[in-house]
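Below you'll find the structure, written out as structure tokens, and then a few comments.
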Amino acid sequence: MRLTLKIWRQENASAQGALQTYDLDGISADMSFLEMLDVLNEKLQGEGQEPVAFDHDCREGICGTCSLMINGEAHGPEVTTTCQLHMRSFNDGDTITIEPWRADAFPVVRDLIVDRSAFDRIIQSGGFISANTGSAPEANSVPAPRDKAMRAFNVATCIGCGACVAACPNGSASLFMGAKITHLGELPQGQPERYSRVVDMVAQHDHEGFGGCTNIGECASACPKEIPLDVISQLNKDLRDAMRMGL
Amino acid sequence: MAVSGLIFIGFVLTHMYGNLKAFAGEESFNEYAHHLRTIGEPMLPESGLLWVIRLVLIVSLVVHVSSALILARRAGAARTVKYAVKKNKHSSISSRTMRWGGLTILVFLVWHLLNFTIVKVNPSGGETDNPYQLMVDTFDLWWMTLIYLAAMAALALHLHHGTFSAMQTLGWTNSAAARTRARTAGWVLAIVIAGGFSLVPIFVLLGVID
Amino acid sequence: MASTVDVSGNTVLTTPPNQQSDDAHGYYTLGEKIADTKAPAGPIKDRWTTHKMNNRLVNPANRRKLDVIIVGTGLAGGAAAATLGEAGYNVKSFCYQDSPRRAHSIAAQGGINAAKNYKEDGDSTYRLFYDTVKGGDYRSRESNVYRLAEVSANIIDQCVAQGVPFAREYGGLLDNRSFGGVQVSRTFYARGQTGQQLLIGAYQAMERQVAAGTVTQYTRHEMLELIIVDGKARGIIARDMVTGAIETHLADVVVLASGGYGNVFFLSTNAMGSNVTAAWRAHRKGAYMANPCYTQIHPTCIPVSGDHQSKLTLMSESLRNDGRIWVPKKAEDCTKDPRDIPEEDRDYYLERIYPSFGNLVPRDIASRQAKNVCDEGRGVGPMVGDFRRGVYLDFADAIKRLGEDAVREKYDNLFDMYERITGENPYEVPMRIYPAVHYVMGGLWVDYDLQSNIDGLFVTGEANFSDHGANRLGASALMQGLADGYFVLPNTIREYLADGPFDAIDESHPEVVAARTEVEDRIQKFLSINGTRTVDSYHKELGNIMWEYCGMERTEDGLRKAIDMIRELKADFWSNVKVLGTADSLNQSLEKAGRVADFLELGELMCIDALNRRESCGGHFRAESQTEDGEALRHDDEFAYVAAWEFGGEGGQPVLHKEDLVYTAIEMKQRSYK
Ligand SMILES: Cc1cc2nc3c(=O)[nH]c(=O)nc-3n(C[C@H](O)[C@H](O)[C@H](O)COP(=O)(O)OP(=O)(O)OC[C@H]3O[C@@H](n4cnc5c(N)ncnc54)[C@H](O)[C@@H]3O)c2cc1C
Ligand code: HEM
Ligand code: SF4
Ligand code: FES
């Protein structure tokens with residue numbers, strides 16, 4: 001198939017960027033979206049132009065590195081990561097606009113690559129259970145109810161890609177944060193720090209410059225791991241309980 | 001924000017119910033308007049409860065509008081470079097028009113208070129001391145009815161998302177089932193309240209109430 | 001039979017039968033044997049306890065003054081950073097991704113082994129040890145493996161305490177499943193995302209230490225050189241991949257936890273950025289590379305679909321628990337709809353050849369048999385070269401037996417992934433699978449303390465060679481990574497650090513300056529060649545050579561040919577590669593160029609190692625060494641050793657140091673899964 005690509009090019013964080021148009025031919029439906037960009041990059045280099053920089057690593061939908069806004073949709077038209085998107089979701093002759101995640105808390109580093117270290121800092125602020133190595137009790141000494149463990153697992157599948165932020169009209173990271181709060185809060189081991197965790201994480205989230213949540217739900221529909229909106233409700237509930245405790 | 005929103009919901013529900021008294025005729029409507037001012041007497045002075053309610057509503061409005069402003073400002077700062085192309089996938093129109101819808105309601109509110117409470121403007125020049133008459137005169141004008149209906153549409157949208165959103169914000173929707181329930185509540189409240197409010201102006205315009 | 005190449009390139013037989021074979025004669029020189037691995041003596045079950053006791057302690061007040069560099073934030077590096085940070089050392093952690101959480105450990109699907117015996121099915125530390133040594137085809141060091149089995153149970157405790165959401169039974173206790181190559185259920189899992197959950201656990205523990213100030217993380221930083229001063233590893237040169245700045249980081253000790261080098265094959269299940277650079281730079285500075293040819297080819301991956309392919313995707317081995325593998329009996333059926341092929345015309349070849357393990361034979365065997373049936377012309381799916389490269393993995397029986405819902409609950413995410421990639425629905429049509437490079441058992445040589453032959457250079461996780469011998473059993477790499485990171489390294493590194501802090505050095509030290517200059521020169525070189533071929537094109541070509549000649553089946557002739565081809569390709573690379581852009585910006589072609597340059601050198605060494613090892617063992621199958629019915633034939637008399645290669649200098653020959661493998665707690669046997 002033949003495509004017209006409009007791709008955001010930007011030298012570095014402080015440079016001005018712009019959309020550039022490229023024509024690309026000979027794309028097969030079995031290619032992944034990133035393989036299509038590989039083809040473009042080989043072609044560009046052949047012509048002496050610098051390749052388009054984009055983030056990717058595992059290419060199997062689990063590391064959360066890939067992060068493209070494709071025709072206005074985070075990770076493109078399917079419920080999956082950019083790397084797992086295949087060209088069979090597009091048609092011959094399509095024009096595809098490719099932009100980086102847009103959020104001031106995720107500044108552009110180059111072309112389509114952004115800096116998501118704000119997510120690391122949110123985790124640093126409390127997204128963990130304090131359990132020093134060697135201090136753990138026998139694993140089966142504390143049973144965890146299966147349904148709670150399942151919920152914890154389901155939301156722990158978040159890959160930290162940031163699509164939720166990219167899609168959110170408010171630029172909020174509440175889905176990401178709610179997923180972690182719910183994951184740890186559903187497990188018996190997560191209880192001791194449950195309320196300080198939510199308070200600290202929310203404070204860091206706001207400090208990073210993410211927007212506030214108004215429950216629009218674009219995040220959940222962009223999330224490749226289908227993290228449901230109820231993690232945001234859970235976050236709010238835990239936050240309210242924490243405030244009631246005076247934290 | 002959620003609490004103030006819910007207070008508004010409580011208020012508009014009762015207000016809407018009160019308005020329906022218009023169907024019972026001039027007397028009971030005016031009776032109701034008067035009764036509003038005398039509830040609680042003699043424990044409270046005249047209009048005492050009304051003032052308590054007004055105070056709560058004013059405080060709620062300040063809280064509600066200032067939260068809205070803060071959220072809007074944060075959202076603006078969170079994304080200063082806009083997308084060239086941005087699609088919305090599954091979000092409702094109502095959720096994305098909360099700010100404009102809210103503003104519409106606010107503007108409407110100002111006019112509404114001028115119209116019925118503070119200045120009591122009778123656009124057709126008739127009597128202003130008789131609440132029933134004031135209402136009938138107002139809605140006899142097609143364009144006034146239109147303004148009201150437009151405002152009710154804005155309110156419907158606002159309530160459709162607002163109800164659900166408030167429940168999320170309060171942490172009451174921790175499962176898929178609860179989420180569906182909250183969404184349904186949004187629909188029901190939007191239809192009941194905005195629909196209920198709209199009945200009176202429509203029926204006045206149609207001449208059923210006069 | 002052994003042979004060598006004469007000046008005109010002809011193969012000449014050099015040794016008569018029954019004598020030591022030396023296929024790689026002329027490609028290497030023989031060095032001294034490795035005398036001491038620091039593996040303690042005594043009864044195997046007491047070795048680790050005694051060793052831990054004997055290793056010296058570091059006073060808590062001193063730990064703050066000790067700088068530890070850890071390259072890698074996967075299970076091995078992340079767990080070590082967290083643990084050493086908690087202990088109070090001053091840790092600097094490096095990874096090339098934008099967050100430590102994205103290390104490739106995240107991609108592991110199936111599970112992690114531990115000898116908990118929760119199922120009461122006769123599991124024990126000894127059995128896990130036994131299975132792992134046997135699975136590794138008796139080419140691993142027994143003390144290490146026993147220790148691994150011993151600490152395995154602690155790993156599960158640790159992970160659960162951190163909030164890793166393992167699968168549970170209805171009563172709320174942990175669930176287990178069985179995995180290829182063993183007959184007990186000892187694998188803990190979190191649906192198909194075990195690696196992700198374990199890594200997130202380690203990552204969170206590490207981020208906690210970042211907040212506490214004991215760990216500093218350097219993301220988007222690539223280690224490009226090792227600094228050695230007075231014989232000790234004292235730091236690294238890293239490139240800030242955003243600004244291009246070349247940075248010097250000094251420390252008292254350096255830990256490499258940089259993962260595996262499967263990407264030398266271009267197509268593999270590794271991440272696009274997985275590389276050998278950190279390990280290879282250390283190798284060039286003197287660290288031995290052990291058993292580099294031991295590559296694991298995983299039997300259940302999604303087959304190649306065309307030339308554009310950039311990587312291969314693994315389908316968890318756990319699928320073999322319920323799926324049945326088959327190909328048509330007749331080549332002419334290969335293009336039919338598989339559902340129309342009647343039962344009697346199907347060849348469930350694993351069940352036929354290995355009745356007692358069936359579809360659960362170890363990976364090397366499952367892979368090779370898949371290759372064999374495809375070579376016979378009975379493969380399915382698209383033609384790749386001259387053959388169809390795929391076999392069916394069929395769930396029809398499982399769906400009939402357990403119901404679609406049960407199958408869905410177990411494998412839904414895998415089935416979805418398969419459908420997304422291939423466009424076929426595996427609930428209806430059998431999956432197609434084919435082997436792909438997945439893991440490398442080879443890596444930097446380490447002693448029992450996980451220290452390389454360079455003082456102060458420790459190597460953990462997939463980057464070292466230590467525990468899996470010639471073949472790794474499923475669910476044991478996660479176990480090794482976490483064992484190394486949480487429990488082994490923190491207990492062995494203290495023996496070394498007890499002598500620290502070492503003499504302060506600064507950035508103007510001649511060795512430091514030299515390392516830095518080397519890095520800068522190399523980068524300038526890449527940018528100035530300005531040839532005509534892209535880095536990727538070299539990488540692909542190298543990958544093809546490696547897969548063809550150093551892949552599932554290796555022959556003497558093929559390996560010689562491959563060595564020549566790689567040398568040629570390398571020469572061409574250095575004169576004709578095209579790397580655009582600048583040194584001082586984010587430049588992905590430049591990053592790749594450095595990695596591919598190192599892969600080219602590694603590829604050659606892998607072929608030499610494979611050529612030298614004229615036996616079939618584990619993941620290394622030499623066509624010249626097989627039994628009459630085509631099974632792998634080991635030669636314990638000649639090759640029961642670890643081949644530790646020393647860098648022979650630019651253009652020189654690598655030096656082979658042998659470490660004899662001695663088994664006291666287990667008897668060496670020819671593997672049989674029949
Ligand atoms: C698809 C897949 C599925 C698997 N499934 C299983 C399974 O079910 N069970 C099992 O036991 N094992 C499994 N394995 C194997 C196992 O996941 C890996 O062997 C193991 O996770 C490796 O961990 P590691 O910490 O050694 O390295 P990695 O997790 O690969 O981490 C390497 C780290 O080093 C860093 N790094 C590398 N080079 C540099 C450099 N030059 N400079 C700076 N940083 C660098 C990277 O940034 C990264 O942080 C699987 C592997 C794959 C690929
Ligand atoms: C009858 C009057 C009103 C009712 C019943 C009402 C109700 C609600 C409710 C229930 C919410 C959800 C709160 C939450 O999620 O926490 C909400 C949100 C909001 N309201 Fe109102 N409101 C009213 C008037 C107004 C007015 C006058 C404004 C004017 C500025 C306004 C602006 C907003 C905004 C901006 C939000 C933000 C939430 C979002 O964007 O989703 N509302 N309202
Ligand atoms: S919640 Fe979903 S969209 Fe957001 S970071 Fe996690 S996986 Fe990505
Ligand atoms: S590249 Fe890892 S999720 Fe897409």
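Order determines the names: the first chain of the structure tokens is A, the second B, and so forth; residues in each chain are numbered 1 upward, and ligands are numbered 1 upward as they are shown.
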Any chance you could tabulate, as a Markdown table, the residues of chain A at most 7 Å from chain B with each one's nearest atom pair and distance in Å to one decimal, using only C-alpha atoms, in chain and rising number order?
```
| residue | atom | partner | partner_atom | distance |
| --- | --- | --- | --- | --- |
| A:Asn71 | CA | B:Val85 | CA | 6.0 |
| A:Gly72 | CA | B:Lys86 | CA | 3.6 |
| A:Glu73 | CA | B:Lys87 | CA | 5.8 |
| A:Arg102 | CA | B:Arg79 | CA | 6.3 |
| A:Ala103 | CA | B:Arg79 | CA | 4.6 |
| A:Asp104 | CA | B:Ala78 | CA | 5.2 |
| A:Ala105 | CA | B:Ala78 | CA | 6.8 |
| A:Asn170 | CA | B:Ala75 | CA | 4.4 |
| A:Gly171 | CA | B:Ala78 | CA | 5.4 |
| A:Gly209 | CA | B:Ala78 | CA | 5.8 |
| A:Phe210 | CA | B:Ala78 | CA | 5.4 |
| A:Gly211 | CA | B:Ala75 | CA | 4.7 |
| A:Gly212 | CA | B:Leu71 | CA | 5.9 |
| A:Thr214 | CA | B:Ser165 | CA | 6.7 |
| A:Asn215 | CA | B:Ser165 | CA | 5.6 |
| A:Ile216 | CA | B:Ser95 | CA | 5.3 |
| A:Gly217 | CA | B:Ser91 | CA | 5.7 |
| A:Glu218 | CA | B:Ser91 | CA | 5.7 |
| A:Ser221 | CA | B:His90 | CA | 6.3 |
| A:Asp230 | CA | B:Asn174 | CA | 4.7 |
| A:Val231 | CA | B:Asn174 | CA | 6.9 |
| A:Ser233 | CA | B:Gly171 | CA | 4.2 |
| A:Gln234 | CA | B:Gly171 | CA | 5.7 |
| A:Asn236 | CA | B:Gly171 | CA | 5.0 |
| A:Lys237 | CA | B:Gly171 | CA | 4.1 |
```
Save the residues we just selected, N, CA, C and O atoms, as a JSON list (two decimals), in the first residue's frame?
```
[["chain", "number", "residue", "atom", "x", "y", "z"],
["A", 71, "ASN", "N", -2.98, 9.63, 14.00],
["A", 71, "ASN", "CA", -4.26, 10.21, 13.58],
["A", 71, "ASN", "C", -5.11, 10.63, 14.77],
["A", 71, "ASN", "O", -6.31, 10.39, 14.82],
["A", 72, "GLY", "N", -4.47, 11.24, 15.74],
["A", 72, "GLY", "CA", -5.23, 11.76, 16.87],
["A", 72, "GLY", "C", -5.62, 10.74, 17.90],
["A", 72, "GLY", "O", -6.37, 11.04, 18.83],
["A", 73, "GLU", "N", -5.14, 9.50, 17.75],
["A", 73, "GLU", "CA", -5.47, 8.49, 18.75],
["A", 73, "GLU", "C", -4.17, 7.94, 19.34],
["A", 73, "GLU", "O", -3.25, 7.58, 18.60],
["A", 102, "ARG", "N", 1.52, 14.62, 23.79],
["A", 102, "ARG", "CA", 1.58, 16.04, 24.11],
["A", 102, "ARG", "C", 1.16, 16.25, 25.55],
["A", 102, "ARG", "O", 0.00, 16.04, 25.91],
["A", 103, "ALA", "N", 2.10, 16.63, 26.37],
["A", 103, "ALA", "CA", 1.80, 17.02, 27.75],
["A", 103, "ALA", "C", 3.03, 17.77, 28.24],
["A", 103, "ALA", "O", 4.15, 17.37, 27.92],
["A", 104, "ASP", "N", 2.83, 18.83, 28.96],
["A", 104, "ASP", "CA", 3.99, 19.59, 29.41],
["A", 104, "ASP", "C", 4.83, 18.81, 30.41],
["A", 104, "ASP", "O", 6.02, 19.04, 30.54],
["A", 105, "ALA", "N", 4.16, 17.83, 31.08],
["A", 105, "ALA", "CA", 4.93, 16.98, 31.99],
["A", 105, "ALA", "C", 5.73, 15.93, 31.23],
["A", 105, "ALA", "O", 6.55, 15.23, 31.81],
["A", 170, "ASN", "N", -7.52, 16.75, 29.74],
["A", 170, "ASN", "CA", -6.96, 17.53, 30.84],
["A", 170, "ASN", "C", -5.47, 17.28, 31.04],
["A", 170, "ASN", "O", -4.87, 17.86, 31.93],
["A", 171, "GLY", "N", -4.89, 16.33, 30.30],
["A", 171, "GLY", "CA", -3.49, 15.98, 30.51],
["A", 171, "GLY", "C", -3.24, 15.44, 31.90],
["A", 171, "GLY", "O", -2.24, 15.72, 32.54],
["A", 209, "GLY", "N", 2.86, 18.71, 37.18],
["A", 209, "GLY", "CA", 2.16, 19.51, 36.18],
["A", 209, "GLY", "C", 1.15, 18.75, 35.35],
["A", 209, "GLY", "O", 0.73, 19.22, 34.30],
["A", 210, "PHE", "N", 0.75, 17.57, 35.81],
["A", 210, "PHE", "CA", -0.34, 16.88, 35.13],
["A", 210, "PHE", "C", -1.65, 17.57, 35.50],
["A", 210, "PHE", "O", -1.77, 18.15, 36.58],
["A", 211, "GLY", "N", -2.63, 17.48, 34.62],
["A", 211, "GLY", "CA", -3.91, 18.13, 34.89],
["A", 211, "GLY", "C", -4.75, 17.33, 35.87],
["A", 211, "GLY", "O", -4.42, 16.21, 36.26],
["A", 212, "GLY", "N", -5.86, 17.94, 36.28],
["A", 212, "GLY", "CA", -6.77, 17.27, 37.21],
["A", 212, "GLY", "C", -7.79, 16.46, 36.43],
["A", 212, "GLY", "O", -8.14, 16.78, 35.30],
["A", 214, "THR", "N", -11.33, 15.01, 35.33],
["A", 214, "THR", "CA", -12.76, 15.30, 35.38],
["A", 214, "THR", "C", -13.57, 14.13, 34.84],
["A", 214, "THR", "O", -14.67, 14.30, 34.34],
["A", 215, "ASN", "N", -12.98, 12.95, 34.92],
["A", 215, "ASN", "CA", -13.69, 11.70, 34.64],
["A", 215, "ASN", "C", -14.26, 11.58, 33.23],
["A", 215, "ASN", "O", -15.30, 10.99, 33.02],
["A", 216, "ILE", "N", -13.53, 12.15, 32.29],
["A", 216, "ILE", "CA", -14.01, 12.10, 30.92],
["A", 216, "ILE", "C", -13.92, 10.70, 30.34],
["A", 216, "ILE", "O", -14.78, 10.26, 29.59],
["A", 217, "GLY", "N", -12.83, 9.99, 30.68],
["A", 217, "GLY", "CA", -12.74, 8.59, 30.27],
["A", 217, "GLY", "C", -11.96, 8.33, 28.99],
["A", 217, "GLY", "O", -11.86, 7.19, 28.55],
["A", 218, "GLU", "N", -11.39, 9.36, 28.38],
["A", 218, "GLU", "CA", -10.56, 9.12, 27.20],
["A", 218, "GLU", "C", -9.36, 8.24, 27.54],
["A", 218, "GLU", "O", -8.88, 7.46, 26.73],
["A", 221, "SER", "N", -10.13, 4.53, 27.36],
["A", 221, "SER", "CA", -10.35, 3.98, 26.03],
["A", 221, "SER", "C", -9.06, 3.99, 25.21],
["A", 221, "SER", "O", -8.94, 3.28, 24.23],
["A", 230, "ASP", "N", -12.48, 2.51, 37.00],
["A", 230, "ASP", "CA", -12.77, 2.40, 38.43],
["A", 230, "ASP", "C", -11.51, 2.57, 39.28],
["A", 230, "ASP", "O", -11.61, 2.83, 40.48],
["A", 231, "VAL", "N", -10.31, 2.47, 38.66],
["A", 231, "VAL", "CA", -9.12, 2.72, 39.48],
["A", 231, "VAL", "C", -9.05, 4.19, 39.91],
["A", 231, "VAL", "O", -8.47, 4.52, 40.94],
["A", 233, "SER", "N", -11.76, 5.99, 40.59],
["A", 233, "SER", "CA", -12.70, 6.06, 41.72],
["A", 233, "SER", "C", -12.01, 5.54, 42.99],
["A", 233, "SER", "O", -12.12, 6.13, 44.06],
["A", 234, "GLN", "N", -11.28, 4.43, 42.81],
["A", 234, "GLN", "CA", -10.57, 3.86, 43.96],
["A", 234, "GLN", "C", -9.55, 4.85, 44.52],
["A", 234, "GLN", "O", -9.44, 5.03, 45.73],
["A", 236, "ASN", "N", -9.74, 8.06, 44.35],
["A", 236, "ASN", "CA", -10.47, 9.12, 45.05],
["A", 236, "ASN", "C", -10.98, 8.66, 46.40],
["A", 236, "ASN", "O", -10.95, 9.40, 47.38],
["A", 237, "LYS", "N", -11.41, 7.41, 46.43],
["A", 237, "LYS", "CA", -11.93, 6.89, 47.70],
["A", 237, "LYS", "C", -10.81, 6.82, 48.73],
["A", 237, "LYS", "O", -10.95, 7.27, 49.87]]
```
Give me the residues within 12 Å of Leu50 of chain B as a compact mmCIF listing (two decimals) with N, CA and C atoms, in the first residue's frame, counting only C-alpha atoms and dropping any in the same chain fewer than 5 places off.
```txt
# COMPACT_ATOMS: atom_id res chain seq x y z
N PHE B 11 -30.84 20.77 44.83
CA PHE B 11 -31.60 22.01 44.67
C PHE B 11 -32.44 21.99 43.39
N ALA B 33 -44.66 29.56 46.35
CA ALA B 33 -43.64 30.60 46.36
C ALA B 33 -43.64 31.30 47.72
N HIS B 34 -44.82 31.48 48.24
CA HIS B 34 -44.93 32.14 49.53
C HIS B 34 -44.44 31.22 50.64
N HIS B 35 -44.86 29.97 50.51
CA HIS B 35 -44.51 28.99 51.53
C HIS B 35 -43.00 28.89 51.70
N LEU B 36 -42.29 29.00 50.56
CA LEU B 36 -40.84 28.95 50.61
C LEU B 36 -40.29 29.94 51.63
N ARG B 37 -41.00 31.07 51.74
CA ARG B 37 -40.50 32.14 52.60
C ARG B 37 -40.91 31.97 54.05
N THR B 38 -41.86 31.05 54.28
CA THR B 38 -42.36 30.96 55.66
C THR B 38 -42.03 29.65 56.35
N ILE B 39 -41.35 28.73 55.64
CA ILE B 39 -41.01 27.46 56.29
C ILE B 39 -40.16 27.77 57.52
N GLY B 40 -40.41 27.01 58.56
CA GLY B 40 -39.56 27.17 59.73
C GLY B 40 -40.06 28.23 60.68
N GLU B 41 -40.97 29.10 60.24
CA GLU B 41 -41.50 30.10 61.16
C GLU B 41 -42.32 29.40 62.23
N LEU B 44 -37.63 30.30 62.76
CA LEU B 44 -36.73 31.13 61.96
C LEU B 44 -37.49 32.39 61.55
N PRO B 45 -36.81 33.50 61.35
CA PRO B 45 -37.49 34.70 60.86
C PRO B 45 -38.01 34.48 59.45
N LEU B 55 -27.69 30.83 51.08
CA LEU B 55 -26.30 30.92 51.51
C LEU B 55 -25.52 29.67 51.08
N VAL B 56 -26.16 28.51 51.36
CA VAL B 56 -25.51 27.25 50.96
C VAL B 56 -25.27 27.24 49.46
N LEU B 57 -26.27 27.71 48.71
CA LEU B 57 -26.13 27.70 47.26
C LEU B 57 -25.04 28.65 46.80
N ILE B 58 -24.99 29.82 47.44
CA ILE B 58 -23.97 30.78 47.03
C ILE B 58 -22.58 30.23 47.31
```
Neighbours of chain C in chain A at 6 Å, counting only C-alpha atoms, as a PyMOL selection string: chain A and resi 50+57-58+63+124+128-129+131+133+136+138-140+143-146+153
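For the pair atom 19 (O, counted along the ligand's line) of ligand 1 and atom CA of Glu462 of chain C, the separation is 5.0 Å.
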Long-range neighbours of Val577 of chain C as a VMD selection string, 12 Å cut-off, only C-alpha atoms, 3 positions minimum in chain: (chain A and resid 45 to 46) or (chain C and resid 525 to 539 569 to 574 580 589 to 590 592 to 594 596 to 597)
Keeping C-alpha atoms, export the residues of the selection given above as a compact mmCIF listing (two decimals), in the first residue's frame.
```txt
# COMPACT_ATOMS: atom_id res chain seq x y z
CA GLN A 45 18.87 7.41 5.26
CA GLY A 46 19.33 6.24 1.70
CA LYS C 525 34.92 7.04 13.38
CA PHE C 526 31.31 5.90 12.90
CA LEU C 527 30.22 9.35 11.88
CA SER C 528 33.11 9.92 9.50
CA ILE C 529 32.99 6.71 7.43
CA ASN C 530 30.08 8.09 5.49
CA GLY C 531 29.63 5.03 3.32
CA THR C 532 26.58 3.72 1.56
CA ARG C 533 24.96 1.06 3.76
CA THR C 534 22.76 1.56 6.79
CA VAL C 535 23.59 -0.03 10.11
CA ASP C 536 20.43 -2.13 10.01
CA SER C 537 21.41 -3.69 6.72
CA TYR C 538 24.63 -4.98 8.28
CA HIS C 539 22.78 -6.20 11.29
CA LEU C 569 31.18 -8.21 6.62
CA LYS C 570 33.04 -6.61 9.49
CA ALA C 571 35.68 -5.17 7.19
CA ASP C 572 32.97 -3.81 4.93
CA PHE C 573 31.12 -2.33 7.88
CA TRP C 574 34.13 -0.35 8.99
CA LEU C 580 24.00 10.23 9.78
CA SER C 589 21.65 5.25 14.17
CA LEU C 590 24.78 6.02 16.12
CA LYS C 592 22.87 1.02 16.73
CA ALA C 593 26.21 1.37 15.00
CA GLY C 594 28.06 0.80 18.25
CA VAL C 596 26.27 -3.81 15.65
CA ALA C 597 30.03 -3.27 15.62
```
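Take atom CA of Asn453 of chain C and atom 40 (C, counted along the ligand's line) of ligand 1: the distance between them is 20.0 Å.
Comparing C:Lys540, C:Arg127, C:Lys285, C:Arg595 by their smallest distance to Glu650 of chain C, the closest is C:Lys285 (using only C-alpha atoms).
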Residues of segment 9-187 of chain A in alpha helix (DSSP H), written as JSON, numbers by chain: {"A": [33, 34, 35, 36, 37, 38, 39, 40, 41, 42, 43, 44, 45, 46, 117, 118, 119, 120, 121, 122, 123, 124, 146, 147, 148, 149, 150, 151, 152, 153, 154, 155, 156, 163, 164, 165, 166, 167, 174, 175, 176, 177, 178, 179, 180, 181, 182, 183, 184, 185]}
Residue contacts of Asn122 of chain B (10 Å, only C-alpha atoms) excluding same-chain residues fewer than 3 positions away, as an MDAnalysis selection string: chainID B and resid 114:116 119 125:129 133:138
Nearby residues, ligand 3, 6 Å, only C-alpha atoms and all ligand atoms, as a VMD selection string: chain A and resid 158 to 164 175 to 176 223 to 225 227
Serialized selection, N, CA and C atoms, as a JSON list (two decimals), in the first residue's frame:
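Saved to result_26.json:
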```
[["chain", "number", "residue", "atom", "x", "y", "z"],
["A", 158, "CYS", "N", -0.58, -2.41, 33.94],
["A", 158, "CYS", "CA", -0.21, -1.11, 33.37],
["A", 158, "CYS", "C", 1.25, -1.13, 32.95],
["A", 159, "ILE", "N", 1.51, -0.65, 31.74],
["A", 159, "ILE", "CA", 2.89, -0.67, 31.24],
["A", 159, "ILE", "C", 3.56, 0.70, 31.33],
["A", 160, "GLY", "N", 2.88, 1.66, 31.94],
["A", 160, "GLY", "CA", 3.50, 2.97, 32.12],
["A", 160, "GLY", "C", 3.82, 3.68, 30.81],
["A", 161, "CYS", "N", 2.95, 3.48, 29.82],
["A", 161, "CYS", "CA", 3.26, 4.04, 28.51],
["A", 161, "CYS", "C", 2.91, 5.52, 28.41],
["A", 162, "GLY", "N", 1.91, 5.94, 29.19],
["A", 162, "GLY", "CA", 1.52, 7.34, 29.15],
["A", 162, "GLY", "C", 0.45, 7.67, 28.14],
["A", 163, "ALA", "N", -0.12, 6.65, 27.51],
["A", 163, "ALA", "CA", -1.20, 6.92, 26.54],
["A", 163, "ALA", "C", -2.38, 7.59, 27.22],
["A", 164, "CYS", "N", -2.59, 7.25, 28.47],
["A", 164, "CYS", "CA", -3.71, 7.84, 29.21],
["A", 164, "CYS", "C", -3.54, 9.35, 29.31],
["A", 175, "LEU", "N", -5.19, 7.82, 35.59],
["A", 175, "LEU", "CA", -5.39, 6.40, 35.33],
["A", 175, "LEU", "C", -4.13, 5.62, 35.72],
["A", 176, "PHE", "N", -2.99, 6.14, 35.30],
["A", 176, "PHE", "CA", -1.71, 5.51, 35.65],
["A", 176, "PHE", "C", -1.58, 5.42, 37.17],
["A", 223, "CYS", "N", -6.13, 3.25, 26.72],
["A", 223, "CYS", "CA", -5.18, 2.39, 27.43],
["A", 223, "CYS", "C", -5.03, 1.04, 26.74],
["A", 224, "PRO", "N", -3.83, 0.70, 26.34],
["A", 224, "PRO", "CA", -3.63, -0.57, 25.65],
["A", 224, "PRO", "C", -3.86, -1.77, 26.57],
["A", 225, "LYS", "N", -3.81, -1.56, 27.85],
["A", 225, "LYS", "CA", -4.00, -2.67, 28.79],
["A", 225, "LYS", "C", -5.39, -2.66, 29.39],
["A", 227, "ILE", "N", -6.97, -0.73, 31.37],
["A", 227, "ILE", "CA", -7.14, -0.39, 32.78],
["A", 227, "ILE", "C", -8.47, 0.36, 32.89]]
```
Near-Ser67 of chain A list (10 Å; only C-alpha atoms; drop same-chain fewer than 3 positions) as a ChimeraX atom specification: /A:54-56,64,70,74-76,81-83,99-101,112-114,161-163,166
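Between atom CA of Met668 of chain C and atom CA of Asp636 of chain C there is a distance of 8.3 Å.
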Which residue of A:Glu42, A:Asp147, A:Glu35, A:Glu60 approaches ligand 1 most closely, using only C-alpha atoms and all ligand atoms: A:Glu60
Which of segment 514-617 of chain C fall in strand (DSSP E or B), as JSON, numbers by chain: {"C": [533, 554, 577, 617]}
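Contact shell of Lys21 of chain B at 12 Å (only C-alpha atoms; same-chain neighbours under 2 positions omitted): Thr14, His15, Met16, Tyr17, Gly18, Asn19, Phe23, Ala24, Gly25, Glu26, Glu27, Ser28, Phe29, Asn30, Glu31, Tyr32, Ala33, Pro131, Tyr132, Met135, Gly196, Phe197, Leu199, Val200 and Ile209 of chain B.
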